[in-house]
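One structure is given here, and the rest of the page talks about it.
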Amino acid sequence: MNFDIFASSLYEAPENIFYFLTNEQGDYLIHPLPDKRLAFERNLRANYLDDFPKQKARKLSVDGRRDHLRAFYPGMGLGLALDRLSFEDWGLPNRFFTLGAVAKLSVLKEQSSDLLNRLFLLVALITVVLVLVTMVFARRVTQPIRHLTALANRIAGGEVVEAPVQGDDEISQLAGAFNTMLARLNASHTELREVADSLEEQVLERTRDLVDANKEIRNFAYIVSHDLRSPLVSIQGFSGELKEDLADVKTIVGGVKGLKENQRKKLDELLNNRIPEALDFIDASAGNMDRLINSILNLSRVGRRDLKIEDVDSRKIIGENLKALVHRIEADGVKVVTGEMPVVQADALALEQIFLNLLDNAIKYLSPDRPGIIDVSAETVDKTTVFHFKDNGAGIAKGDIPLIFDLFKRVGEQETEGEGMGLNYVQTLVRRMGGRIWCDSELGKGSIFSFSLPEEAKLRASLKEITRQLEGYKE
Amino acid sequence: MNPVTILLVEDDPAHAALIERNLKRSGFTNDVIKFVNGKQVTDYIFSEGEYAGEKHPKHMLVLLDINMPVMNGAEVLRRLKGNEKTKDIPVIMLTTTDDQTEIDNCYRIGCNAYVVKPVGHAGFTKVIKDLGLFVNIMMSPTNGG
């Protein structure tokens with residue numbers, strides 16, 4: 001607001017009157033001297049009480065309220081009128097500005113106290129106008145802001161609202177921007193919810209699929225093993241029957257007279273070599289198939305057996321394993337080194353089977369070129385124990401490593417017997433206890449098979465979760 | 001001589017032939033009647049369906065396979081053991097299934113014995129021979145048969 005123009009409408013000699021505005025402490029917000037008007041902005045703080053000390057005022061006329069006064073400063077040749085601009089109505093009881101008008105005493109002399117009265121009237125009027133103007137202005141400013149604040153609070157509380165937009169001032173623009181932001185927020189919120197929902201749906205669907213697939217595999221394994229076994233019983237049964245019958249035939253043929261020499265030779269070859277050999281092959285093949293089927297059946301049973309998680313001393317288990325394998329270890333001249341073996345939370349039988357298979361594999365695939373060394377160790381990090389079975393054996397080609405855990409998969413040159421089920425079985429057991437199995441290997445140098453066992457709480461949680469999902473799905 | 005008739009319920013004719021041969025080999029001379037599914041044998045025992053109105057032997061023993069079409073062994077067992085008239089007919093499960101839950105299930109329903117068919121010929125022969133002896137003992141008059 002331009003005080004000078006405002007004052008000139010009331011008073012004829014504005015050049016002789018100076019106005020100022022101070023805060024509660026009396027520091028100038030607007031300095032009376034034109035060249036220092038906005039000095040406080042440059043951090044040049046000055047107080048009006050220093051310029052107009054109360055002690056030096058000759059006559060004070062107070063209007064009941066503090067800072068609502070008229071005073072003469074004869075020493076300085078000045079007259080002063082003050083009024084207070086209070087912010088009480090806006091809920092700020094202790095905040096106020098002081099508006100002041102200063103006139104040179106020479107002017108005052110001429111026009112006596114009438115001027116001082118008019119000076120005060122001027123100040124009072126300016127105050128009133130200022131109050132009115134600021135009130136209206138402040139209301140226009142603060143109300144929408146308060147409204148926006150209230151809206152923001154409601155949004156924070158989870159409501160979906162919109163800010164009213166009136167006019168096109170900054171506040172309205174702010175409200176508009178606020179609304180745009182709200183709309184975006186709502187949109188992204190909706191999107192997020194949709195994504196979350198569909199994700200949940202997807203997870204549920206996948207879980208269902210997995211449970212289905214799992215069940216199918218188990219049923220499949222069971223049916224296959226049972227249904228394949230049945231014809232095997234017949235094959236081996238009748239090859240046995242044939243052997244019995246063959247014995248009868250041989251007895252009868254032995255007693256037959258009048259056969260030519262070449263006929264007898266041919267019959268001998270057939271009855272003593274060719275037919276028994278064929279029957280032996282049928283038997284052996286059926287036997288192999290039976291072993292394979294039994295392995296699948298065992299595997300399908302692993303998936304169904306309830307694990308019992310308890311404290312298990314892995315040192316004790318590895319000791320028992322080594323005892324069971326002692327003949328092979330001694331026969332092959334293998335050196336087995338075991339490090340610190342901790343007590344872990346696991347299913348004892350499962351852990352024993354895992355150890356046994358990994359040790360068995362390590363022995364089975366040792367290199368014939370050097371004495372075998374198998375190093376068994378364990379480390380516990382973050383309550384997860386990791387076991388390592390390190391050997392200096394044949395090793396596995398890099399490309400084959402991902403295949404070794406597959407069912408019936410056997411990689412590399414096969415010089416040893418096996419069904420290709422051991423590692424798949426081990427993997428199933430490790431996973432059921434919430435762990436993971438992996439292999440680092442270098443062809444010709446050796447392999448390290450490692451598997452992790454998480455802490456009991458996690459383990460139980462994962463078991464519980466799986467059970468819950470399975471049960472939930474059953475219904 | 002106790003005239004016990006063996007009802008052999010087996011959908012696989014090769015198995016049926018093997019069982020019959022081995023029973024005979026162990027000196028078993030009783031009559032053996034073969035059925036290929038559970039429906040056939042229950043019809044026979046209850047004189048229903050194709051056996052309606054027909055009479056059956058007084059003393060019977062059932063050798064029962066589990067996995068069969070139309071009506072499986074467990075269902076046959078349930079029907080026989082659930083009926084006052086037939087619950088005393090001895091039923092021996094004779095199957096390739098060695099699954100513990102299946103075994104438990106059959107014993108729960110009330111089978112008199114559960115025999116797993118071994119894959120090897122020698123084992124098979126021995127099991128059927130033992131079975132023959134077992135049946136003879138079970139059906140002997142002193143045992144109330």
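Lettering and numbering for the structure tokens are positional, with chains as A, B, ... in the shown order, residues counted from 1 in each chain, and ligands counted from 1 in the shown order.
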
* Identify every residue of chain B that has at least one atom within 10 Å of any atom of chain A, counting only C-alpha atoms, and report the result as number ranges by chain. => B: 12-19, 21-22, 67, 95-99, 117-125

Per DSSP on the backbone, what are the alpha helix (DSSP H) residues of chain B, as a ChimeraX atom specification?
-> /B:13-25,38-46,73-81,100-109,121-138

Q.
One number please: CA of Arg118 in chain A to CA of Tyr73 in chain A, in Å, one decimal.
A.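 Result for CA of Arg118 in chain A versus CA of Tyr73 in chain A: 17.2 Å, one decimal.
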
| request: Return as a ChimeraX atom specification the full set of residues in chain B whose backbone-based DSSP assignment is strand (DSSP E or B). | output: /B:4-9,32-35,59-64,91-95,113-116

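Restricting the calculation to only C-alpha atoms, the smallest distance between Ala74 in chain B and any of B:Ile45, B:Ile6, B:Cys106, B:Val62 is found for B:Cys106.
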
| message | Would you compute the distance between CA of Gly393 in chain A and CA of Val336 in chain A? Give it in Å to one decimal. | response |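 These atoms are spaced 12.7 Å apart.
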